[in-house]
Number of protein chains: 4
Amino acid sequence: MKALVKTDAAPGITLRDVPVPDIRDDEVLIRVRAAGVCGTDVHIYEWDRWAASRCRPPFIVGHEFAGEVAAVGALVTSVAVGDRVTAEGHIVDEHSLFSRTGQAHVDPATRIIGVDRDGCFAEYIAMPAANIWPLDPAIPYDIGGIHDPMGNAFHTALAADLAGAVVLITGCGPIGAFAVGIAKAAGAARIVATDVNPTRLALARTMGAHAAVTPDQAADAVRTASNGLGADVVLEMSGVPSAVHQAFALARPGGRVNMLGIPAKPIDVDFASEIIFKGLTLYGVVGRRMYDTWHQMTRFLRSGNFDPRPVITHRLPLEAVDEAMALIRSGEAGKIIFEL
Amino acid sequence: MKALVKTDAAPGITLRDVPVPDIRDDEVLIRVRAAGVCGTDVHIYEWDRWAASRCRPPFIVGHEFAGEVAAVGALVTSVAVGDRVTAEGHIVDEHSLFSRTGQAHVDPATRIIGVDRDGCFAEYIAMPAANIWPLDPAIPYDIGGIHDPMGNAFHTALAADLAGAVVLITGCGPIGAFAVGIAKAAGAARIVATDVNPTRLALARTMGAHAAVTPDQAADAVRTASNGLGADVVLEMSGVPSAVHQAFALARPGGRVNMLGIPAKPIDVDFASEIIFKGLTLYGVVGRRMYDTWHQMTRFLRSGNFDPRPVITHRLPLEAVDEAMALIRSGEAGKIIFEL
Amino acid sequence: MKALVKTDAAPGITLRDVPVPDIRDDEVLIRVRAAGVCGTDVHIYEWDRWAASRCRPPFIVGHEFAGEVAAVGALVTSVAVGDRVTAEGHIVDEHSLFSRTGQAHVDPATRIIGVDRDGCFAEYIAMPAANIWPLDPAIPYDIGGIHDPMGNAFHTALAADLAGAVVLITGCGPIGAFAVGIAKAAGAARIVATDVNPTRLALARTMGAHAAVTPDQAADAVRTASNGLGADVVLEMSGVPSAVHQAFALARPGGRVNMLGIPAKPIDVDFASEIIFKGLTLYGVVGRRMYDTWHQMTRFLRSGNFDPRPVITHRLPLEAVDEAMALIRSGEAGKIIFEL
Amino acid sequence: MKALVKTDAAPGITLRDVPVPDIRDDEVLIRVRAAGVCGTDVHIYEWDRWAASRCRPPFIVGHEFAGEVAAVGALVTSVAVGDRVTAEGHIVDEHSLFSRTGQAHVDPATRIIGVDRDGCFAEYIAMPAANIWPLDPAIPYDIGGIHDPMGNAFHTALAADLAGAVVLITGCGPIGAFAVGIAKAAGAARIVATDVNPTRLALARTMGAHAAVTPDQAADAVRTASNGLGADVVLEMSGVPSAVHQAFALARPGGRVNMLGIPAKPIDVDFASEIIFKGLTLYGVVGRRMYDTWHQMTRFLRSGNFDPRPVITHRLPLEAVDEAMALIRSGEAGKIIFEL
């Protein structure tokens, strides 16, 4: 089968012909139909310090996908050949204490497809049955193929009480843009979104932001939206130090800051004035809650209250991997999908 | 001033000329501009068993209103003459243990205006400053005048997690109709509303119900809306025994039933099969949370996500009290407002 | 192997010699060392209406146990031969929507060992690996053998905020007695326990109740414990109609009633005065949360803060099944354990 | 009356004879009987940068006290002359949006007695009736006089689910020592406390810590207590940068860190590895929840489950103010109380 392979500890990703994977009795083989491209894939492509320290080539790249079930192991009863499915790419032991107490998403023993083992930029992928999520008939493969990053956005957004809230979203890349749409669907009273990139601000407006502004205008926009009180909820989606400080500053006293963006290095924080005296709650977001987030996501999509399609800007074949990487780095792309 | 007075322990309510009330140093005098008529007022008008056991004539009737501040006591700093306001009609000691621990709405020492003391069907009413809620500039007096029943609906609806949920609302009187609109604004995936009255079902559709059906069709409608699972949340707004049983039956296992409707007499409930084995959570709703509900309500109204106006069907002068009572008893009215 | 078998649709349970069960690749074979006897077993023994409608003889009875792992299937990695274990007796599909969203305990497709399939009153039992819970080295087999009913008590008790609370526990059978000890360990300020049986009241005192009284004294005891306010939390463990009414009556306004006791028939409840106007929250308890309850239980036991041993009153061999049933029916036994 | 007055913008606090304060109609005059001395008072005494930027002499110092009611204003009904009381020292507008939505503790308009206006190191103090908390008959004045810092500890500790939890408490000054006792009373399974000061570690052991160790031993102690998992809950009571990093490092994945200690300057935090990838929740603690924390505190004290008395090490007259300040700076004192 065709697959995009990280062949060596060096920059680049290569299209190769590789064997279709075998499955165990508790696994499922999926014919991939759509697969989202993520910033993590760019790190692997560029072979930056994080990638070099974490990944062990050769392996197939890619961790966001949807497709149809091509084969199931002997013990698998929850899914059948022909089913349309997507999957959670974080593989954890179903019987670990974390999994059994609703905390699978933070299990330190997590292995990620396309990072720690073979991924989904390929015609087929083998997955544990435990990780398969049925794709609702109303949801097409392209949207199925981006459930992983949408799930990040759902996890981040729905870890706060959004109904009636003033929400600030710092960073309008694809996940931030999803978060705008989710906050809208969940009844936020006012959504202020910030980014430095005009294309992304336009996307945020399309997704439902009441105000989409550059960071220097954020304080005014939040003040107007909240009668001077501050944002009830901040979703920090950028990882940029100035945005993190702004998240704390523009949250109202007693407010909540859910942090998904990953700062590249330490940030000097004045806990006294920025966090403690304001009575803030901070929540670090990892992956998706297994599988509450997936259930919520399906319900939002099926209801039609949330439509992620404006975020998808490019559909490419696996062969166009270099173009996909260049597009993401340009900052002008929304979500890019490989179609197979 | 003009006032609608319950003069005697007998049917009827009479328009009278009475003195403008005095205020204490911690009270506020309000010129009433709009006042909602409620089923409770009908009970008082009819002088039924509940009214006869609870009320002590003579007193001015009415407990839902908005108006402008005409005078403030010497110690009042939170509101000024000329302010547009509405008010919580449940009067509780601000320093009671219930008030101080977020439970003022269930304080057994509550006294209700228009029931236990003089109410708002009058040109002026005196209220404790503690009970005044500022009316947002974007909210007109007529909507201000129905904050009390809307608040019942907000309390009932927002005591559940509605974003993405399948919601069943049993009973589409004015409060049920408000609840439909609130559930819609809060991101419910599907809203099924039931009533026996076609006028009310039409109103539920106007407010956003995906299905508005008679009780015999409810099970099918919930099944369709929930893929056979049952309703995540039921808002019981009728107090009718068959609707209460249906609320329990159509909630999904592990679901939640918030009960606002007041059954007139005991109901024979099989706790084992209806509640316990299903793992249901029930919540009895009293009044409005002071003042979280009021803050939520203001935010929903100000955002424009929730519009209660379709529920208001009649605007009458105080002189039309008999007509107002007849309209409510007919079941054909939505919310009726006295305008002054 | 020896096993207690429900052989026919008629009263009685019989000791038989039966084959050791086979296991599948995802199952575990356990050598049973201790097994608790439950009221449910009495229903099956007596072959009452519930049993006749639910059970399909022949099958091995018993659903509470601990033992050591004798064999594991090829795909099992979470447990090894020789491990000391106990197990959740409610078998649900690990990949059902209920299981995946933290609601496995209310999955309608649950099958219970010793009721719907072969149980644990036998030398060996086969269980899905998913249901195995490792037994902490500090916890002996006899306590491991009653994790199921203790788990009912933990689920019921910890579904409320007990620290500093006034707690009323209605019904002091074994599960009620466990609940007393759990409430004590979780920091309840005052625990009032009620029962009609003096032996059980004495047990409640041993487990830490500040007051253990007959139902006619309950109102006074709660009043004294709560400065007249009412119980913050009621744990209803009896299923007796008068106790259910008392649970509602003695809960404080805004309080919480967690219901585990199973009323045998419908109860006539005045929802208006008993539940709604008091702003109560009711929660129907089914089984144990999988597996949050098990983790909590292990932590309480390992810490030494909770000691269930006073509740265990009898240790018998499988051969003494008739004696065990008679003891439970007498009301004089606490928890009875079969030791193998 | 006698009072300890900050007379000038310079080091020192002076005993003076000043007039007994007047009260307004909604205020209460209290004859102070016991008043706790706090680190904040030391800052004011030393006139450090914080004090110089915040305080405006002359004013009476002190913010923790208990006493008896000497006079009440005309509108005060919730308390009477002769009542034993303590009081919340953070004065906020009862009708502010923060107060009305359960967030009074983070109201930016808060004014603190003994900091922003006259305090309690005096024979009498005038307080708003809203701030008075009745002192349970079972609670003596000395314990009443330290309700403020105990309340900080209760707020910090009970903002987490402690029953059955492994708890790490970093910093065992008086508030940390209270927190140990509260965690014990609330059913923590294991409590690890850290400090560099042996006297404080001994106090932590007295209050119930299972392990009280220096910071270099903390990782081992938490590992042992949690089977290698990490602390479920960390209460950061020191404000020391190395302790803050340790709080994040020793919390388990998905754990919670409640932060009360005030770092003197910014801390360089790697949000990616220390907070986000671990899925931590952080909560900044300000003051006491009004008045949920006070109710909880009363219940813990009245039950006898929590006894703060070992933390009180010195009882002095107002005249000994210099000695009190020296004792606190020595690090060898627990809680010091002025008795009047």
# chains A, B, ... in the order shown; residues from 1 in each chain; ligands from 1

$ select_by_dssp --residues "region 167-212 of chain A" --states "strand (DSSP E)" --output "number ranges by chain"
A: 167-170, 190-194, 211-212

$ write_last_selection --atoms "C-alpha atoms" --output "PDB file, in the first residue's frame"
ATOM      1  CA  VAL A 167     -15.420  33.994  25.822  1.00  0.00           C
ATOM      2  CA  LEU A 168     -11.972  35.083  24.687  1.00  0.00           C
ATOM      3  CA  ILE A 169     -10.127  32.786  22.270  1.00  0.00           C
ATOM      4  CA  THR A 170      -6.446  33.616  21.809  1.00  0.00           C
ATOM      5  CA  ARG A 190     -20.022  37.092  23.193  1.00  0.00           C
ATOM      6  CA  ILE A 191     -16.951  35.602  21.506  1.00  0.00           C
ATOM      7  CA  VAL A 192     -13.795  37.658  21.090  1.00  0.00           C
ATOM      8  CA  ALA A 193     -11.050  35.995  19.021  1.00  0.00           C
ATOM      9  CA  THR A 194      -7.495  37.228  18.588  1.00  0.00           C
ATOM     10  CA  ALA A 211     -15.174  40.386  17.397  1.00  0.00           C
ATOM     11  CA  ALA A 212     -11.988  39.074  15.754  1.00  0.00           C
TER      12      ALA A 212
END

$ interface_residues --of "chain D" --to "chain B" --cutoff "7 Å" --atoms "only C-alpha atoms" --output "number ranges by chain"
D: 78, 95, 100-102, 130, 290-292

$ atom_distance --atom1 "CA of His63 (chain A)" --atom2 "CA of Ala35 (chain A)"
7.7 Å

$ residues_around --residues "Glu332 (chain D)" --least-positions-apart "6" --cutoff "9 Å" --atoms "only C-alpha atoms" --output "JSON, numbers by chain"
{"D": [197, 199, 200]}

$ write_last_selection --atoms "N, CA and C atoms" --output "CSV table (one decimal), in the first residue's frame"
chain,number,residue,atom,x,y,z
D,197,ASN,N,11.6,24.1,57.9
D,197,ASN,CA,11.7,24.4,59.3
D,197,ASN,C,11.3,23.2,60.2
D,199,THR,N,10.6,22.9,63.3
D,199,THR,CA,9.5,23.2,64.2
D,199,THR,C,8.1,23.1,63.5
D,200,ARG,N,8.1,23.6,62.3
D,200,ARG,CA,6.9,23.5,61.5
D,200,ARG,C,6.5,22.1,61.1

$ residues_around --residues "Phe178 (chain D)" --least-positions-apart "2" --cutoff "7 Å" --atoms "only C-alpha atoms" --output "NGL selection string"
:D and (150 or 153 or 174-176 or 180-182 or 308)

$ residues_around --residues "region 256-269 of chain B" --least-positions-apart "2" --cutoff "7 Å" --atoms "only C-alpha atoms" --output "ChimeraX atom specification"
/B:156,232-241,247,251,254,271,280-285 /C:266-272,276

$ write_last_selection --atoms "N, CA, C and O atoms" --output "compact mmCIF listing (two decimals), in the first residue's frame"
# COMPACT_ATOMS: atom_id res chain seq x y z
N THR B 156 -34.51 26.18 35.89
CA THR B 156 -34.80 24.78 35.55
C THR B 156 -33.88 24.28 34.45
O THR B 156 -33.31 23.19 34.54
N ASP B 232 -31.30 13.11 27.42
CA ASP B 232 -30.26 13.38 28.42
C ASP B 232 -30.84 14.20 29.57
O ASP B 232 -30.47 14.00 30.72
N VAL B 233 -31.72 15.12 29.23
CA VAL B 233 -32.28 16.04 30.21
C VAL B 233 -33.77 16.16 29.96
O VAL B 233 -34.21 16.29 28.82
N VAL B 234 -34.56 16.08 31.03
CA VAL B 234 -35.99 16.36 30.94
C VAL B 234 -36.29 17.56 31.83
O VAL B 234 -35.85 17.61 32.99
N LEU B 235 -37.03 18.51 31.28
CA LEU B 235 -37.52 19.65 32.07
C LEU B 235 -39.02 19.46 32.22
O LEU B 235 -39.76 19.59 31.25
N GLU B 236 -39.46 19.13 33.44
CA GLU B 236 -40.87 18.82 33.69
C GLU B 236 -41.55 20.11 34.13
O GLU B 236 -41.34 20.59 35.24
N MET B 237 -42.38 20.66 33.24
CA MET B 237 -42.97 21.98 33.43
C MET B 237 -44.48 21.93 33.60
O MET B 237 -45.11 22.99 33.58
N SER B 238 -45.07 20.75 33.77
CA SER B 238 -46.53 20.65 33.75
C SER B 238 -47.14 20.31 35.10
O SER B 238 -48.25 20.76 35.40
N GLY B 239 -46.48 19.50 35.89
CA GLY B 239 -47.08 19.02 37.13
C GLY B 239 -48.15 17.97 36.92
O GLY B 239 -48.76 17.50 37.89
N VAL B 240 -48.38 17.56 35.70
CA VAL B 240 -49.40 16.56 35.40
C VAL B 240 -48.83 15.16 35.66
O VAL B 240 -47.75 14.84 35.19
N PRO B 241 -49.55 14.32 36.44
CA PRO B 241 -49.00 13.00 36.79
C PRO B 241 -48.52 12.20 35.59
O PRO B 241 -47.43 11.61 35.62
N ALA B 247 -41.76 11.77 32.01
CA ALA B 247 -40.43 12.37 32.21
C ALA B 247 -39.43 11.32 32.67
O ALA B 247 -38.31 11.23 32.14
N ALA B 251 -36.42 9.78 30.05
CA ALA B 251 -35.03 10.14 30.37
C ALA B 251 -34.15 8.94 30.08
O ALA B 251 -34.56 7.80 30.30
N GLY B 254 -29.14 7.17 33.56
CA GLY B 254 -28.15 8.15 33.98
C GLY B 254 -28.55 9.59 33.69
O GLY B 254 -27.75 10.49 33.92
N PHE B 271 -40.36 3.80 42.48
CA PHE B 271 -38.98 4.29 42.53
C PHE B 271 -38.00 3.29 41.94
O PHE B 271 -37.02 3.68 41.31
N LEU B 280 -31.30 7.76 37.69
CA LEU B 280 -31.68 9.15 37.40
C LEU B 280 -31.27 10.10 38.52
O LEU B 280 -31.19 9.71 39.69
N THR B 281 -31.07 11.34 38.14
CA THR B 281 -30.97 12.45 39.09
C THR B 281 -32.20 13.32 38.92
O THR B 281 -32.55 13.69 37.80
N LEU B 282 -32.88 13.61 40.05
CA LEU B 282 -34.04 14.52 40.03
C LEU B 282 -33.65 15.78 40.77
O LEU B 282 -32.93 15.73 41.78
N TYR B 283 -34.17 16.90 40.30
CA TYR B 283 -33.89 18.18 40.99
C TYR B 283 -35.17 18.97 41.07
O TYR B 283 -35.80 19.27 40.06
N GLY B 284 -35.58 19.30 42.29
CA GLY B 284 -36.77 20.11 42.51
C GLY B 284 -36.43 21.59 42.43
O GLY B 284 -35.54 22.05 43.15
N VAL B 285 -37.13 22.31 41.56
CA VAL B 285 -36.77 23.71 41.29
C VAL B 285 -37.70 24.65 42.04
O VAL B 285 -38.93 24.55 41.91
N PRO C 266 -44.83 0.63 44.34
CA PRO C 266 -44.92 2.09 44.21
C PRO C 266 -45.19 2.78 45.55
O PRO C 266 -45.82 2.22 46.45
N ILE C 267 -44.71 4.02 45.65
CA ILE C 267 -44.91 4.85 46.84
C ILE C 267 -45.64 6.11 46.40
O ILE C 267 -45.31 6.70 45.38
N ASP C 268 -46.61 6.50 47.19
CA ASP C 268 -47.41 7.69 46.90
C ASP C 268 -46.67 8.91 47.42
O ASP C 268 -46.60 9.14 48.64
N VAL C 269 -46.10 9.69 46.51
CA VAL C 269 -45.25 10.81 46.93
C VAL C 269 -45.89 12.14 46.54
O VAL C 269 -46.33 12.32 45.41
N ASP C 270 -45.93 13.07 47.50
CA ASP C 270 -46.40 14.43 47.21
C ASP C 270 -45.19 15.24 46.74
O ASP C 270 -44.51 15.88 47.54
N PHE C 271 -44.93 15.18 45.44
CA PHE C 271 -43.74 15.84 44.90
C PHE C 271 -43.67 17.31 45.29
O PHE C 271 -42.59 17.85 45.54
N ALA C 272 -44.83 17.98 45.32
CA ALA C 272 -44.83 19.42 45.63
C ALA C 272 -44.17 19.68 46.98
O ALA C 272 -43.17 20.39 47.09
N ILE C 276 -40.20 19.17 45.53
CA ILE C 276 -39.98 20.37 44.70
C ILE C 276 -39.84 21.62 45.55
O ILE C 276 -38.84 22.35 45.42

$ residues_around --residues "region 8-15 of chain D" --least-positions-apart "2" --cutoff "6 Å" --atoms "only C-alpha atoms" --output "NGL selection string"
:D and (3-6 or 45-47 or 57)

$ select_by_dssp --residues "region 72-297 of chain B" --states "alpha helix (DSSP H)" --output "short mmCIF file (atom, residue, chain, number, x, y, z; two decimals) with N, CA and C atoms, in the first residue's frame"
data_model
loop_
_atom_site.label_atom_id
_atom_site.label_comp_id
_atom_site.auth_asym_id
_atom_site.auth_seq_id
_atom_site.Cartn_x
_atom_site.Cartn_y
_atom_site.Cartn_z
N LEU B 97 -28.50 31.96 57.00
CA LEU B 97 -27.52 30.96 56.57
C LEU B 97 -27.79 30.52 55.14
N PHE B 98 -29.06 30.38 54.77
CA PHE B 98 -29.38 30.00 53.39
C PHE B 98 -28.86 31.05 52.41
N SER B 99 -29.16 32.33 52.68
CA SER B 99 -28.70 33.38 51.78
C SER B 99 -27.19 33.39 51.66
N ARG B 100 -26.53 33.18 52.78
CA ARG B 100 -25.07 33.32 52.77
C ARG B 100 -24.35 32.13 52.18
N TYR B 141 -39.14 47.27 29.19
CA TYR B 141 -39.93 47.01 30.40
C TYR B 141 -40.80 45.77 30.30
N ASP B 142 -41.36 45.50 29.11
CA ASP B 142 -42.26 44.34 29.05
C ASP B 142 -41.52 43.05 29.36
N ILE B 143 -40.30 42.94 28.82
CA ILE B 143 -39.50 41.74 29.12
C ILE B 143 -39.03 41.80 30.57
N GLY B 144 -38.70 42.98 31.04
CA GLY B 144 -38.35 43.13 32.46
C GLY B 144 -39.48 42.66 33.35
N HIS B 147 -39.42 38.76 34.17
CA HIS B 147 -38.16 38.14 34.59
C HIS B 147 -38.40 37.02 35.60
N ASP B 148 -39.45 37.14 36.41
CA ASP B 148 -39.72 36.11 37.42
C ASP B 148 -40.00 34.76 36.74
N PRO B 149 -40.98 34.63 35.85
CA PRO B 149 -41.22 33.31 35.25
C PRO B 149 -40.11 32.90 34.28
N MET B 150 -39.53 33.85 33.57
CA MET B 150 -38.37 33.48 32.74
C MET B 150 -37.27 32.93 33.63
N GLY B 151 -37.11 33.54 34.80
CA GLY B 151 -36.10 33.07 35.73
C GLY B 151 -36.37 31.64 36.20
N ASN B 152 -37.66 31.31 36.41
CA ASN B 152 -37.99 29.91 36.72
C ASN B 152 -37.48 29.00 35.61
N ALA B 153 -37.71 29.42 34.38
CA ALA B 153 -37.30 28.60 33.23
C ALA B 153 -35.77 28.52 33.15
N PHE B 154 -35.09 29.63 33.37
CA PHE B 154 -33.62 29.61 33.34
C PHE B 154 -33.07 28.71 34.45
N HIS B 155 -33.62 28.84 35.64
CA HIS B 155 -33.17 28.00 36.76
C HIS B 155 -33.33 26.53 36.40
N THR B 156 -34.51 26.18 35.89
CA THR B 156 -34.80 24.78 35.55
C THR B 156 -33.88 24.28 34.45
N ALA B 157 -33.73 25.09 33.40
CA ALA B 157 -32.98 24.64 32.23
C ALA B 157 -31.48 24.59 32.51
N LEU B 158 -30.95 25.62 33.14
CA LEU B 158 -29.50 25.70 33.30
C LEU B 158 -28.99 24.89 34.49
N PRO B 174 -46.33 29.18 29.34
CA PRO B 174 -45.30 30.21 29.16
C PRO B 174 -43.92 29.80 29.66
N ILE B 175 -43.85 29.17 30.83
CA ILE B 175 -42.52 28.83 31.36
C ILE B 175 -41.88 27.72 30.54
N GLY B 176 -42.67 26.74 30.13
CA GLY B 176 -42.15 25.70 29.25
C GLY B 176 -41.69 26.27 27.92
N ALA B 177 -42.45 27.22 27.39
CA ALA B 177 -42.06 27.85 26.12
C ALA B 177 -40.76 28.62 26.28
N PHE B 178 -40.61 29.34 27.40
CA PHE B 178 -39.32 30.00 27.66
C PHE B 178 -38.20 28.95 27.67
N ALA B 179 -38.47 27.83 28.34
CA ALA B 179 -37.43 26.80 28.48
C ALA B 179 -36.99 26.27 27.12
N VAL B 180 -37.93 26.15 26.19
CA VAL B 180 -37.56 25.73 24.84
C VAL B 180 -36.54 26.70 24.27
N GLY B 181 -36.83 27.98 24.37
CA GLY B 181 -35.92 28.98 23.81
C GLY B 181 -34.57 29.01 24.51
N ILE B 182 -34.58 28.77 25.80
CA ILE B 182 -33.32 28.75 26.55
C ILE B 182 -32.48 27.54 26.14
N ALA B 183 -33.13 26.38 26.04
CA ALA B 183 -32.41 25.17 25.64
C ALA B 183 -31.80 25.37 24.25
N LYS B 184 -32.57 26.00 23.37
CA LYS B 184 -32.06 26.29 22.03
C LYS B 184 -30.82 27.18 22.11
N ALA B 185 -30.92 28.26 22.88
CA ALA B 185 -29.81 29.21 22.98
C ALA B 185 -28.59 28.59 23.66
N PRO B 198 -52.75 22.53 21.12
CA PRO B 198 -52.09 22.85 19.85
C PRO B 198 -51.51 24.26 19.81
N THR B 199 -52.16 25.22 20.45
CA THR B 199 -51.63 26.58 20.48
C THR B 199 -50.26 26.61 21.15
N ARG B 200 -50.16 25.87 22.23
CA ARG B 200 -48.89 25.84 22.96
C ARG B 200 -47.82 25.08 22.18
N LEU B 201 -48.22 24.04 21.47
CA LEU B 201 -47.24 23.32 20.65
C LEU B 201 -46.71 24.23 19.54
N ALA B 202 -47.62 25.04 18.97
CA ALA B 202 -47.18 25.97 17.93
C ALA B 202 -46.18 26.97 18.52
N LEU B 203 -46.46 27.44 19.73
CA LEU B 203 -45.54 28.37 20.39
C LEU B 203 -44.18 27.71 20.64
N ALA B 204 -44.22 26.45 21.05
CA ALA B 204 -42.95 25.72 21.29
C ALA B 204 -42.14 25.64 20.01
N ARG B 205 -42.83 25.41 18.89
CA ARG B 205 -42.10 25.38 17.60
C ARG B 205 -41.49 26.74 17.31
N THR B 206 -42.26 27.79 17.54
CA THR B 206 -41.74 29.14 17.31
C THR B 206 -40.50 29.41 18.16
N MET B 207 -40.50 28.87 19.37
CA MET B 207 -39.37 29.11 20.28
C MET B 207 -38.18 28.22 19.97
N ALA B 218 -44.73 11.36 22.22
CA ALA B 218 -43.46 11.78 22.83
C ALA B 218 -42.40 10.68 22.77
N ALA B 219 -42.80 9.46 23.06
CA ALA B 219 -41.81 8.37 23.10
C ALA B 219 -41.14 8.21 21.75
N ASP B 220 -41.93 8.25 20.69
CA ASP B 220 -41.35 8.15 19.34
C ASP B 220 -40.42 9.32 19.05
N ALA B 221 -40.86 10.49 19.40
CA ALA B 221 -40.07 11.68 19.09
C ALA B 221 -38.73 11.66 19.83
N VAL B 222 -38.75 11.22 21.09
CA VAL B 222 -37.50 11.15 21.85
C VAL B 222 -36.61 10.05 21.30
N ARG B 223 -37.21 8.94 20.93
CA ARG B 223 -36.43 7.84 20.36
C ARG B 223 -35.70 8.31 19.10
N THR B 224 -36.42 8.98 18.24
CA THR B 224 -35.81 9.47 17.00
C THR B 224 -34.71 10.49 17.29
N ALA B 225 -34.98 11.37 18.22
CA ALA B 225 -34.02 12.44 18.51
C ALA B 225 -32.75 11.92 19.15
N PRO B 241 -49.55 14.32 36.44
CA PRO B 241 -49.00 13.00 36.79
C PRO B 241 -48.52 12.20 35.59
N SER B 242 -49.28 12.15 34.52
CA SER B 242 -48.85 11.34 33.37
C SER B 242 -47.57 11.91 32.76
N ALA B 243 -47.41 13.21 32.81
CA ALA B 243 -46.19 13.83 32.28
C ALA B 243 -44.99 13.53 33.18
N VAL B 244 -45.23 13.49 34.48
CA VAL B 244 -44.15 13.16 35.41
C VAL B 244 -43.67 11.73 35.15
N HIS B 245 -44.60 10.80 35.02
CA HIS B 245 -44.19 9.43 34.70
C HIS B 245 -43.44 9.38 33.36
N GLN B 246 -43.94 10.15 32.39
CA GLN B 246 -43.29 10.14 31.08
C GLN B 246 -41.89 10.76 31.17
N ALA B 247 -41.76 11.77 32.01
CA ALA B 247 -40.43 12.37 32.21
C ALA B 247 -39.43 11.32 32.67
N PHE B 248 -39.84 10.51 33.64
CA PHE B 248 -38.94 9.46 34.14
C PHE B 248 -38.70 8.40 33.06
N ALA B 249 -39.76 8.05 32.34
CA ALA B 249 -39.66 6.95 31.36
C ALA B 249 -38.79 7.33 30.17
N LEU B 250 -38.84 8.59 29.75
CA LEU B 250 -38.15 8.97 28.53
C LEU B 250 -36.76 9.56 28.79
N PHE B 271 -40.36 3.80 42.48
CA PHE B 271 -38.98 4.29 42.53
C PHE B 271 -38.00 3.29 41.94
N ASP B 292 -27.56 34.22 40.74
CA ASP B 292 -26.91 33.63 39.57
C ASP B 292 -27.89 33.53 38.39
N THR B 293 -29.12 33.11 38.69
CA THR B 293 -30.11 32.98 37.63
C THR B 293 -30.35 34.33 36.94
N TRP B 294 -30.41 35.39 37.73
CA TRP B 294 -30.68 36.71 37.16
C TRP B 294 -29.54 37.16 36.26
N HIS B 295 -28.33 36.84 36.67
CA HIS B 295 -27.17 37.22 35.86
C HIS B 295 -27.17 36.43 34.54
N GLN B 296 -27.43 35.13 34.62
CA GLN B 296 -27.52 34.30 33.41
C GLN B 296 -28.59 34.86 32.47
N MET B 297 -29.74 35.16 33.04
CA MET B 297 -30.88 35.64 32.25
C MET B 297 -30.49 36.93 31.52
#

$ atom_distance --atom1 "CA of Ile146 (chain B)" --atom2 "CA of Ala324 (chain B)"
15.2 Å

$ atom_distance --atom1 "CA of Val85 (chain A)" --atom2 "CA of Leu301 (chain A)"
14.7 Å
